[in-house]
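Below is protein.tsv, holding TSV, C-alpha atoms.
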```tsv
chain	number	residue	atom	x	y	z
A	1	MET	CA	102.92	79.79	77.72
A	2	ALA	CA	103.77	77.59	80.73
A	3	PRO	CA	100.83	76.33	82.82
A	4	ARG	CA	100.03	78.45	85.86
A	5	LYS	CA	100.87	76.65	89.10
A	6	VAL	CA	97.89	76.34	91.48
A	7	VAL	CA	98.43	75.16	95.06
A	8	HIS	CA	95.30	73.80	96.74
A	9	ILE	CA	95.33	73.81	100.55
A	10	ILE	CA	92.85	71.77	102.60
A	11	THR	CA	92.93	70.50	106.18
A	12	ARG	CA	91.55	67.02	105.50
A	13	LEU	CA	91.74	65.15	102.21
A	14	ASP	CA	89.26	62.49	103.27
A	15	ARG	CA	85.88	61.42	101.87
A	16	GLY	CA	84.00	64.52	103.02
A	17	GLY	CA	82.20	66.79	100.58
A	18	SER	CA	84.84	69.54	100.58
A	19	ALA	CA	87.62	66.99	100.01
A	20	GLN	CA	85.70	65.35	97.17
A	21	ASN	CA	85.13	68.77	95.63
A	22	THR	CA	88.86	69.52	95.87
A	23	MET	CA	89.85	66.16	94.39
A	24	LEU	CA	87.48	66.58	91.44
A	25	THR	CA	88.83	70.08	90.83
A	26	VAL	CA	92.49	69.09	90.97
A	27	LEU	CA	92.06	65.96	88.86
A	28	GLY	CA	89.90	67.76	86.30
A	29	LEU	CA	92.03	70.86	85.68
A	30	ASP	CA	93.30	71.42	82.15
A	31	ARG	CA	97.00	70.59	82.57
A	32	THR	CA	97.93	72.66	79.53
A	33	GLN	CA	96.78	75.75	81.45
A	34	PHE	CA	97.19	74.85	85.12
A	35	GLU	CA	99.67	72.79	87.13
A	36	PRO	CA	97.96	71.59	90.32
A	37	VAL	CA	99.75	70.91	93.61
A	38	VAL	CA	97.93	69.79	96.76
A	39	VAL	CA	98.75	70.54	100.40
A	40	THR	CA	96.82	68.69	103.09
A	41	GLY	CA	96.98	68.05	106.81
A	42	GLN	CA	97.03	64.65	108.47
A	43	ALA	CA	93.78	63.12	109.68
A	44	GLY	CA	95.31	62.07	113.03
A	45	SER	CA	92.69	60.69	115.41
A	46	TRP	CA	89.89	62.13	113.27
A	47	ASP	CA	88.33	58.97	111.81
A	48	ALA	CA	85.12	60.35	110.27
A	49	GLN	CA	84.88	60.21	106.48
A	50	GLY	CA	87.60	57.59	106.27
A	51	GLY	CA	90.28	59.36	108.33
A	52	VAL	CA	93.88	58.36	107.66
A	53	MET	CA	92.91	55.56	105.28
A	54	ALA	CA	90.92	57.91	103.04
A	55	THR	CA	93.68	60.51	103.12
A	56	ASN	CA	96.28	57.96	102.06
A	57	GLU	CA	94.01	56.68	99.28
A	58	ASN	CA	93.53	60.19	97.91
A	59	VAL	CA	97.25	60.96	98.10
A	60	ARG	CA	98.00	57.80	96.13
A	61	ARG	CA	95.34	58.72	93.60
A	62	LEU	CA	96.96	62.12	93.09
A	63	GLU	CA	100.42	60.60	92.74
A	64	LYS	CA	99.09	58.14	90.16
A	65	ASP	CA	97.86	61.12	88.16
A	66	THR	CA	101.30	62.77	88.55
A	67	ILE	CA	99.97	65.48	90.88
A	68	ARG	CA	102.37	66.36	93.69
A	69	CYS	CA	100.97	66.35	97.21
A	70	HIS	CA	102.56	67.74	100.39
A	71	VAL	CA	101.35	66.52	103.80
A	72	VAL	CA	101.75	69.08	106.60
A	73	PRO	CA	101.28	67.23	109.93
A	74	SER	CA	100.68	70.43	111.93
A	75	LEU	CA	97.73	71.44	109.70
A	76	VAL	CA	95.01	70.03	111.95
A	77	ARG	CA	91.25	70.52	112.01
A	78	HIS	CA	90.91	71.65	115.64
A	79	ILE	CA	92.23	74.95	116.98
A	80	SER	CA	95.69	74.51	118.48
A	81	PRO	CA	97.72	77.74	118.85
A	82	TRP	CA	101.13	76.06	118.78
A	83	GLN	CA	100.36	73.66	115.93
A	84	ASP	CA	98.63	76.46	114.01
A	85	LEU	CA	101.76	78.63	114.25
A	86	VAL	CA	103.91	75.71	113.11
A	87	ALA	CA	101.50	75.03	110.23
A	88	LEU	CA	101.53	78.70	109.19
A	89	TRP	CA	105.33	78.78	109.11
A	90	SER	CA	105.45	75.46	107.22
A	91	LEU	CA	102.97	76.76	104.63
A	92	ILE	CA	104.90	80.02	104.15
A	93	ARG	CA	108.13	78.10	103.55
A	94	LEU	CA	106.41	75.65	101.20
A	95	LEU	CA	104.77	78.41	99.14
A	96	LYS	CA	108.04	80.33	98.88
A	97	THR	CA	109.61	77.15	97.51
A	98	GLU	CA	106.75	76.30	95.12
A	99	ARG	CA	106.22	79.93	94.00
A	100	PRO	CA	102.67	79.37	92.67
A	101	GLU	CA	100.75	82.01	90.76
A	102	ILE	CA	97.52	80.93	92.49
A	103	VAL	CA	96.71	79.54	95.94
A	104	HIS	CA	93.23	78.06	96.35
A	105	THR	CA	92.22	77.29	99.94
A	106	HIS	CA	89.31	75.12	101.04
A	107	THR	CA	87.22	75.21	104.28
A	108	SER	CA	87.61	77.51	107.26
A	109	LYS	CA	90.80	76.36	109.02
A	110	ALA	CA	92.86	75.87	105.86
A	111	GLY	CA	91.32	79.10	104.57
A	112	VAL	CA	92.71	81.08	107.50
A	113	LEU	CA	96.22	79.62	107.59
A	114	GLY	CA	96.50	79.10	103.84
A	115	ARG	CA	95.50	82.64	102.91
A	116	LEU	CA	97.76	84.19	105.55
A	117	ALA	CA	100.65	82.05	104.30
A	118	ALA	CA	99.94	82.96	100.66
A	119	TRP	CA	99.85	86.67	101.53
A	120	CYS	CA	103.10	86.43	103.51
A	121	ALA	CA	104.73	84.50	100.66
A	122	GLY	CA	103.67	87.11	98.11
A	123	VAL	CA	101.42	84.82	96.05
A	124	PRO	CA	99.73	87.00	93.38
A	125	VAL	CA	96.26	85.39	93.39
A	126	ILE	CA	94.44	83.98	96.42
A	127	VAL	CA	91.15	82.12	95.92
A	128	HIS	CA	89.06	80.69	98.77
A	129	THR	CA	86.14	78.26	98.78
A	130	PRO	CA	84.55	78.20	102.27
A	131	HIS	CA	82.37	75.12	101.51
A	132	GLY	CA	79.80	76.68	103.83
A	133	HIS	CA	80.71	78.85	106.81
A	134	VAL	CA	81.03	78.89	110.61
A	135	PHE	CA	78.92	82.00	111.22
A	136	TYR	CA	76.31	79.99	113.15
A	137	GLY	CA	75.57	76.44	114.27
A	138	HIS	CA	79.14	75.28	114.91
A	139	PHE	CA	80.23	77.33	117.93
A	140	SER	CA	78.98	79.64	120.67
A	141	PRO	CA	77.81	83.14	119.62
A	142	ALA	CA	81.02	84.68	121.01
A	143	ARG	CA	83.33	82.34	119.10
A	144	SER	CA	81.21	82.68	115.96
A	145	TRP	CA	81.61	86.48	116.20
A	146	VAL	CA	85.40	86.12	116.46
A	147	PHE	CA	85.49	83.89	113.38
A	148	LEU	CA	83.34	86.39	111.50
A	149	GLN	CA	85.85	89.17	112.23
A	150	ILE	CA	88.67	86.93	111.00
A	151	GLU	CA	86.80	86.20	107.77
A	152	ARG	CA	86.13	89.91	107.21
A	153	CYS	CA	89.84	90.67	107.53
A	154	LEU	CA	90.95	87.78	105.34
A	155	ALA	CA	88.49	88.75	102.61
A	156	ARG	CA	90.58	91.88	102.06
A	157	ILE	CA	93.57	89.82	100.93
A	158	THR	CA	91.48	87.34	98.93
A	159	SER	CA	91.36	87.84	95.18
A	160	TRP	CA	88.20	85.78	94.70
A	161	LEU	CA	85.70	83.90	96.87
A	162	ILE	CA	83.72	80.92	95.58
A	163	GLY	CA	80.35	80.01	97.11
A	164	LEU	CA	78.55	76.76	96.39
A	165	THR	CA	75.12	78.42	96.23
A	166	SER	CA	73.61	81.89	95.95
A	167	ALA	CA	72.46	81.58	99.57
A	168	GLU	CA	76.02	80.97	100.79
A	169	ARG	CA	77.19	84.00	98.84
A	170	ALA	CA	74.37	86.13	100.28
A	171	GLU	CA	75.12	85.06	103.85
A	172	HIS	CA	78.73	86.13	103.43
A	173	LEU	CA	77.91	89.47	101.80
A	174	GLU	CA	75.21	90.29	104.37
A	175	ARG	CA	77.86	89.91	107.07
A	176	GLY	CA	80.40	92.06	105.28
A	177	VAL	CA	82.60	89.21	104.08
A	178	GLY	CA	83.85	89.79	100.53
A	179	CYS	CA	82.41	91.92	97.76
A	180	SER	CA	79.84	90.95	95.15
A	181	GLY	CA	82.11	91.63	92.17
A	182	ARG	CA	84.66	89.03	93.29
A	183	PHE	CA	82.37	86.32	94.66
A	184	ALA	CA	81.52	83.53	92.21
A	185	ILE	CA	78.81	80.88	92.62
A	186	ILE	CA	79.95	77.43	91.52
A	187	PRO	CA	77.94	74.37	92.67
A	188	SER	CA	79.88	71.37	93.92
A	189	GLY	CA	80.15	68.89	91.08
A	190	ILE	CA	78.84	65.32	91.05
A	191	ASP	CA	78.52	62.54	88.47
A	192	VAL	CA	74.95	63.48	87.52
A	193	ASN	CA	74.41	60.58	85.10
A	194	ARG	CA	75.58	58.01	87.66
A	195	PHE	CA	73.02	59.14	90.22
A	196	ARG	CA	70.21	59.48	87.73
A	197	LYS	CA	70.67	55.78	87.02
A	198	ALA	CA	70.82	54.82	90.71
A	199	ARG	CA	67.15	53.86	90.95
A	200	ALA	CA	66.68	52.61	87.40
A	201	ALA	CA	65.78	49.15	88.73
A	202	GLY	CA	63.48	50.60	91.39
A	203	LYS	CA	63.95	50.33	95.11
A	204	VAL	CA	66.59	47.73	96.04
A	205	ILE	CA	67.48	47.49	99.75
A	206	PRO	CA	71.10	46.32	100.23
A	207	ASP	CA	71.45	43.38	102.63
A	208	TRP	CA	73.90	45.34	104.75
A	209	PHE	CA	71.22	47.91	105.60
A	210	GLY	CA	69.87	45.27	107.97
A	211	CYS	CA	66.27	46.23	107.16
A	212	PRO	CA	63.51	43.64	106.68
A	213	ALA	CA	61.80	43.17	103.32
A	214	GLY	CA	59.00	45.68	102.90
A	215	ALA	CA	60.58	48.25	105.22
A	216	VAL	CA	59.93	51.94	104.59
A	217	VAL	CA	63.48	53.26	104.64
A	218	ILE	CA	64.28	56.81	105.68
A	219	GLY	CA	67.89	57.51	104.79
A	220	SER	CA	70.58	60.06	105.51
A	221	ILE	CA	74.23	60.27	104.46
A	222	GLY	CA	76.86	62.31	106.25
A	223	TRP	CA	79.51	62.16	108.92
A	224	LEU	CA	78.15	61.52	112.38
A	225	THR	CA	78.88	64.81	114.07
A	226	ASP	CA	76.70	67.20	116.02
A	227	ILE	CA	76.36	69.79	113.24
A	228	LYS	CA	74.65	67.25	110.97
A	229	GLY	CA	71.63	67.10	113.31
A	230	HIS	CA	71.02	63.34	113.16
A	231	ARG	CA	69.66	63.35	116.72
A	232	PHE	CA	66.63	65.30	115.52
A	233	LEU	CA	66.03	62.74	112.79
A	234	VAL	CA	66.14	59.90	115.35
A	235	ASP	CA	63.55	61.75	117.46
A	236	ALA	CA	61.32	62.28	114.41
A	237	VAL	CA	61.45	58.60	113.45
A	238	ALA	CA	60.69	57.62	117.05
A	239	ALA	CA	57.55	59.80	116.97
A	240	LEU	CA	56.31	58.05	113.83
A	241	GLN	CA	57.43	54.48	114.45
A	242	LYS	CA	54.61	53.61	116.84
A	243	ASN	CA	52.02	54.05	114.11
A	244	CYS	CA	54.33	52.89	111.33
A	245	PRO	CA	56.14	49.80	112.66
A	246	ASN	CA	57.77	49.04	109.29
A	247	LEU	CA	59.56	52.41	109.34
A	248	HIS	CA	63.36	52.12	109.48
A	249	LEU	CA	66.13	54.72	109.62
A	250	VAL	CA	69.45	54.11	107.85
A	251	ILE	CA	72.31	56.56	108.38
A	252	VAL	CA	75.40	56.16	106.21
A	253	GLY	CA	78.60	57.66	107.59
A	254	SER	CA	81.09	57.50	110.46
A	255	GLY	CA	81.97	59.88	113.27
A	256	ASP	CA	82.03	60.63	116.96
A	257	GLN	CA	78.24	60.68	117.42
A	258	HIS	CA	77.81	56.97	116.64
A	259	ASP	CA	77.47	55.75	120.24
A	260	ALA	CA	75.30	58.71	121.26
A	261	LEU	CA	72.85	58.02	118.43
A	262	ILE	CA	72.67	54.33	119.33
A	263	ALA	CA	71.98	55.24	122.97
A	264	GLN	CA	69.31	57.71	121.88
A	265	ALA	CA	67.58	55.05	119.77
A	266	GLU	CA	67.66	52.62	122.71
A	267	ARG	CA	66.09	55.18	125.05
A	268	ALA	CA	63.36	55.85	122.49
A	269	GLY	CA	62.67	52.12	122.12
A	270	ILE	CA	63.48	52.02	118.39
A	271	ARG	CA	66.95	50.45	118.47
A	272	GLU	CA	65.92	47.67	116.07
A	273	ALA	CA	64.70	50.27	113.57
A	274	VAL	CA	67.86	52.40	113.51
A	275	HIS	CA	70.77	51.22	111.38
A	276	LEU	CA	74.14	53.01	111.42
A	277	VAL	CA	75.98	51.29	108.59
A	278	GLY	CA	79.23	53.28	108.59
A	279	HIS	CA	80.93	54.82	105.59
A	280	ARG	CA	80.10	53.42	102.14
A	281	ASP	CA	81.68	54.38	98.84
A	282	GLU	CA	78.74	53.08	96.81
A	283	VAL	CA	76.44	56.03	97.52
A	284	ASP	CA	74.26	55.28	94.50
A	285	VAL	CA	73.55	51.79	95.90
A	286	CYS	CA	72.63	53.35	99.25
A	287	LEU	CA	70.19	55.76	97.61
A	288	ALA	CA	68.57	52.91	95.66
A	289	GLY	CA	67.53	51.35	98.97
A	290	MET	CA	65.80	54.43	100.39
A	291	ASP	CA	62.24	55.73	100.15
A	292	CYS	CA	63.11	59.23	101.34
A	293	PHE	CA	66.33	61.16	101.99
A	294	VAL	CA	66.73	63.56	104.91
A	295	LEU	CA	69.49	66.11	105.58
A	296	PRO	CA	68.75	67.53	109.07
A	297	SER	CA	71.88	69.72	109.31
A	298	LEU	CA	72.13	72.74	111.61
A	299	ASN	CA	74.44	74.42	109.07
A	300	GLU	CA	75.31	73.33	105.53
A	301	GLY	CA	77.11	74.93	102.61
A	302	MET	CA	75.20	72.94	100.03
A	303	GLY	CA	75.16	69.25	100.89
A	304	ARG	CA	76.73	67.02	98.24
A	305	ALA	CA	74.71	64.03	99.48
A	306	LEU	CA	71.53	66.08	99.11
A	307	ILE	CA	72.30	66.85	95.46
A	308	GLU	CA	73.08	63.20	94.81
A	309	ALA	CA	69.78	62.13	96.38
A	310	MET	CA	67.88	64.70	94.32
A	311	ALA	CA	69.61	63.56	91.12
A	312	ALA	CA	68.59	59.99	92.01
A	313	GLY	CA	64.95	61.04	92.16
A	314	LEU	CA	64.31	60.59	95.87
A	315	PRO	CA	61.85	62.81	97.72
A	316	VAL	CA	64.07	64.90	100.00
A	317	ILE	CA	63.58	66.73	103.29
A	318	ALA	CA	66.23	69.16	104.52
A	319	SER	CA	66.82	71.94	107.02
A	320	ARG	CA	66.21	75.53	105.95
A	321	VAL	CA	69.84	76.59	106.52
A	322	GLY	CA	72.90	77.69	104.55
A	323	GLY	CA	72.76	76.96	100.85
A	324	ILE	CA	69.97	74.37	101.04
A	325	PRO	CA	67.07	76.77	100.25
A	326	ALA	CA	68.88	77.64	97.01
A	327	LEU	CA	68.42	73.99	95.97
A	328	ILE	CA	64.96	73.19	97.31
A	329	GLN	CA	61.74	75.01	96.58
A	330	ASP	CA	59.56	73.94	99.49
A	331	GLY	CA	56.72	71.72	98.32
A	332	GLU	CA	57.97	71.68	94.73
A	333	ASN	CA	61.13	69.58	94.52
A	334	GLY	CA	61.48	68.74	98.21
A	335	LEU	CA	60.50	69.88	101.70
A	336	LEU	CA	62.22	72.38	103.97
A	337	VAL	CA	61.92	72.33	107.76
A	338	PRO	CA	63.40	74.52	110.51
A	339	ALA	CA	66.78	73.26	111.73
A	340	GLY	CA	66.70	71.43	115.05
A	341	ASP	CA	62.92	70.92	114.98
A	342	SER	CA	62.13	67.21	115.41
A	343	ARG	CA	58.39	67.79	115.36
A	344	ALA	CA	58.45	69.64	112.03
A	345	LEU	CA	60.68	66.92	110.63
A	346	ALA	CA	58.22	64.25	111.78
A	347	VAL	CA	55.33	66.11	110.11
A	348	ALA	CA	57.26	66.31	106.84
A	349	LEU	CA	58.16	62.62	107.01
A	350	HIS	CA	54.52	61.74	107.70
A	351	ARG	CA	53.47	63.57	104.52
A	352	VAL	CA	56.05	61.76	102.40
A	353	ILE	CA	55.27	58.33	103.86
A	354	HIS	CA	51.48	58.60	103.63
A	355	GLN	CA	51.28	60.37	100.26
A	356	PRO	CA	53.45	58.11	98.06
A	357	GLN	CA	52.19	59.43	94.71
A	358	TRP	CA	52.89	63.03	95.72
A	359	ALA	CA	56.27	61.94	97.11
A	360	ARG	CA	57.15	60.38	93.75
A	361	GLN	CA	56.31	63.67	92.04
A	362	LEU	CA	58.62	65.49	94.47
A	363	GLY	CA	61.40	63.09	93.51
A	364	GLU	CA	60.78	63.51	89.79
A	365	LYS	CA	60.95	67.29	90.11
A	366	ALA	CA	64.09	66.98	92.22
A	367	THR	CA	65.77	65.01	89.42
A	368	ARG	CA	64.87	67.63	86.84
A	369	SER	CA	66.23	70.43	89.03
A	370	ILE	CA	69.74	68.89	89.13
A	371	GLY	CA	70.98	69.73	85.65
A	372	ALA	CA	74.32	69.84	83.86
A	373	ASP	CA	75.45	72.81	86.01
A	374	TYR	CA	75.95	70.31	88.84
A	375	GLY	CA	78.26	68.09	86.81
A	376	ALA	CA	81.92	67.79	87.80
A	377	GLY	CA	83.10	69.03	84.40
A	378	SER	CA	80.99	72.18	84.61
A	379	MET	CA	82.37	72.89	88.08
A	380	VAL	CA	85.99	72.59	86.98
A	381	ARG	CA	85.53	74.77	83.89
A	382	ALA	CA	83.88	77.46	86.03
A	383	ILE	CA	86.73	77.36	88.56
A	384	GLU	CA	89.26	77.67	85.73
A	385	ALA	CA	87.39	80.76	84.53
A	386	VAL	CA	87.73	82.28	88.02
A	387	TYR	CA	91.48	81.60	87.96
A	388	ARG	CA	91.85	83.30	84.59
A	389	ASP	CA	89.77	86.33	85.61
A	390	ALA	CA	91.70	86.70	88.85
A	391	CYS	CA	95.06	86.51	87.05
A	392	VAL	CA	93.95	89.09	84.48
A	393	ALA	CA	92.72	91.41	87.24
A	394	HIS	CA	96.06	91.09	89.01
A	395	GLY	CA	97.87	91.92	85.79
```

Structure re-expressed in structure tokens:
Amino acid sequence: MAPRKVVHIITRLDRGGSAQNTMLTVLGLDRTQFEPVVVTGQAGSWDAQGGVMATNENVRRLEKDTIRCHVVPSLVRHISPWQDLVALWSLIRLLKTERPEIVHTHTSKAGVLGRLAAWCAGVPVIVHTPHGHVFYGHFSPARSWVFLQIERCLARITSWLIGLTSAERAEHLERGVGCSGRFAIIPSGIDVNRFRKARAAGKVIPDWFGCPAGAVVIGSIGWLTDIKGHRFLVDAVAALQKNCPNLHLVIVGSGDQHDALIAQAERAGIREAVHLVGHRDEVDVCLAGMDCFVLPSLNEGMGRALIEAMAAGLPVIASRVGGIPALIQDGENGLLVPAGDSRALAVALHRVIHQPQWARQLGEKATRSIGADYGAGSMVRAIEAVYRDACVAHG
């Protein structure tokens, strides 16, 4: 039997979590059963998570592995009625040419245009991974309501939805998006063994952190955009730094909030203690230099960086939003705080900093909670099972 063709559609094939998830899936598929094809937009002026350079690197990586990749310039991240119509028409034409048995879309924008195009092109099976959602935190209440109605409608033409956590699945179902019988939970895969070894030699601060020897390093990894909530972390560190002068904040990632965060640190008088080091591929090296990891997002599907930090054995603090509570049991394998609450974040950081033995226990429990289910291989096999079930259901 010939392999089933699967077309993956994503807006940005950069270094972000959803793009990494897609790359791992495509590269890991059993080629005897599935033939992967990738469709991506162009990064354009969007330079977070590597932008054009990262996109080109990933395209070359796919080509090296003999996976075909189509770049659709009009498939952009922001809402643009004209470009969106052009992208929809381009996707319909492409899918009619490729004639896949399965289309798998990733993230909100590609999920809207990709699923509509697949439906118009008569693709038998449509699978969508939201990688979170835009039901709150991203836009105004009015716009969020509009997007919710769109997702409810699109769910009717979607064969299967894939959530990264049980919480993400629940938030969709509670809002009438999808049905429980066709909504799988598949965690985003990472190289678990690599991150478990990250701190084998203990804490090692990279020179490029710019932190002095003996610094207590609070770290975060993620693109510098408003939804990631880094401004609340800067405020929390500022509240603690007066009584803990060796406290330093290192944020790994790039994005449009860089200058705003620097200005905020200057106003708070902690500029010398805040280090924005840009994007780094060696995430395990970054984690080895931290004493605590914080993910202060206002909305988050799961948080790949959070899972990597937990696998590395760091005590973690994260917002109680999206899929994060499905990963962290508050006070057991990490700490949860309300999103957008700098004071609560400062209190949690104070506990971790001033109770090092307890913090180590948090990190040890975090490591144990990230098992084989979070491995890349397990993720790909689970996605393949969804494809097979969806094809059987279609007949």

Could you list, as an MDAnalysis selection string, every residue within 12 Å of Val37 (chain A), counting all atoms listed in the file and ignoring same-chain residues fewer than 3 positions away? chainID A and resid 4:10 22:23 25:27 29 31 34 40 59 62:63 65:71 94:95 98:105

When you count only C-alpha atoms, which of these residues is closest to Trp223 (chain A): A:Asp207, A:Asp14, A:Glu174, A:Asp330?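 With only C-alpha atoms as the atom set, the closest residue is A:Asp14.
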
Of A:Cys179, A:Leu335, A:Ala346, A:Met379, the one nearest to Trp358 (chain A) when counting only C-alpha atoms is A:Leu335

Distance in Å - CA of Ala311 (chain A) versus CA of Arg351 (chain A):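 Value for the CA of Ala311 (chain A)-CA of Arg351 (chain A) distance: 21.0 Å.
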
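Here the question is which of A:Tyr374, A:Phe232, A:Phe293, A:Trp119 gets nearest to Thr165 (chain A) using all atoms listed in the file, and that residue is A:Tyr374.
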
Identify which of the residues A:Arg182, A:Lys228, A:Lys242, A:Lys197 lies closest to Ile157 (chain A), counting all atoms listed in the file when measuring atom-to-atom distances. A:Arg182

Would you work out the distance separating CA of Val283 (chain A) from CA of Leu75 (chain A), expressed in Å to one decimal? 29.0 Å

Among the residues A:Arg61, A:Arg196, A:Arg93, A:His131, the one that comes closest to Val285 (chain A) [using all atoms listed in the file]: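 With all atoms listed in the file as the atom set, the closest residue is A:Arg196.
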
Would you mind completing region 261-272 of chain A to N, CA and C atoms and writing the output as a PDB file, in the coordinates of the input?
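Result went into part_12.pdb, see below:
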```
ATOM      1  N   LEU A 261      74.064  58.275 119.209  1.00  0.00           N
ATOM      2  CA  LEU A 261      72.850  58.020 118.430  1.00  0.00           C
ATOM      3  C   LEU A 261      72.270  56.647 118.748  1.00  0.00           C
ATOM      4  N   ILE A 262      73.138  55.656 118.941  1.00  0.00           N
ATOM      5  CA  ILE A 262      72.670  54.330 119.330  1.00  0.00           C
ATOM      6  C   ILE A 262      71.969  54.395 120.682  1.00  0.00           C
ATOM      7  N   ALA A 263      72.575  55.100 121.634  1.00  0.00           N
ATOM      8  CA  ALA A 263      71.980  55.240 122.970  1.00  0.00           C
ATOM      9  C   ALA A 263      70.636  55.964 122.894  1.00  0.00           C
ATOM     10  N   GLN A 264      70.556  56.971 122.050  1.00  0.00           N
ATOM     11  CA  GLN A 264      69.310  57.710 121.880  1.00  0.00           C
ATOM     12  C   GLN A 264      68.209  56.803 121.335  1.00  0.00           C
ATOM     13  N   ALA A 265      68.562  55.979 120.350  1.00  0.00           N
ATOM     14  CA  ALA A 265      67.580  55.050 119.770  1.00  0.00           C
ATOM     15  C   ALA A 265      67.110  54.033 120.799  1.00  0.00           C
ATOM     16  N   GLU A 266      68.028  53.575 121.651  1.00  0.00           N
ATOM     17  CA  GLU A 266      67.660  52.620 122.710  1.00  0.00           C
ATOM     18  C   GLU A 266      66.697  53.246 123.701  1.00  0.00           C
ATOM     19  N   ARG A 267      66.976  54.492 124.102  1.00  0.00           N
ATOM     20  CA  ARG A 267      66.090  55.180 125.050  1.00  0.00           C
ATOM     21  C   ARG A 267      64.700  55.381 124.454  1.00  0.00           C
ATOM     22  N   ALA A 268      64.646  55.613 123.148  1.00  0.00           N
ATOM     23  CA  ALA A 268      63.360  55.850 122.490  1.00  0.00           C
ATOM     24  C   ALA A 268      62.634  54.550 122.159  1.00  0.00           C
ATOM     25  N   GLY A 269      63.292  53.413 122.378  1.00  0.00           N
ATOM     26  CA  GLY A 269      62.670  52.120 122.120  1.00  0.00           C
ATOM     27  C   GLY A 269      62.604  51.749 120.641  1.00  0.00           C
ATOM     28  N   ILE A 270      63.502  52.321 119.837  1.00  0.00           N
ATOM     29  CA  ILE A 270      63.480  52.020 118.390  1.00  0.00           C
ATOM     30  C   ILE A 270      64.844  51.500 117.921  1.00  0.00           C
ATOM     31  N   ARG A 271      65.606  50.901 118.837  1.00  0.00           N
ATOM     32  CA  ARG A 271      66.950  50.450 118.470  1.00  0.00           C
ATOM     33  C   ARG A 271      66.940  49.524 117.267  1.00  0.00           C
ATOM     34  N   GLU A 272      65.968  48.637 117.172  1.00  0.00           N
ATOM     35  CA  GLU A 272      65.920  47.670 116.070  1.00  0.00           C
ATOM     36  C   GLU A 272      65.579  48.338 114.744  1.00  0.00           C
TER      37      GLU A 272
END
```
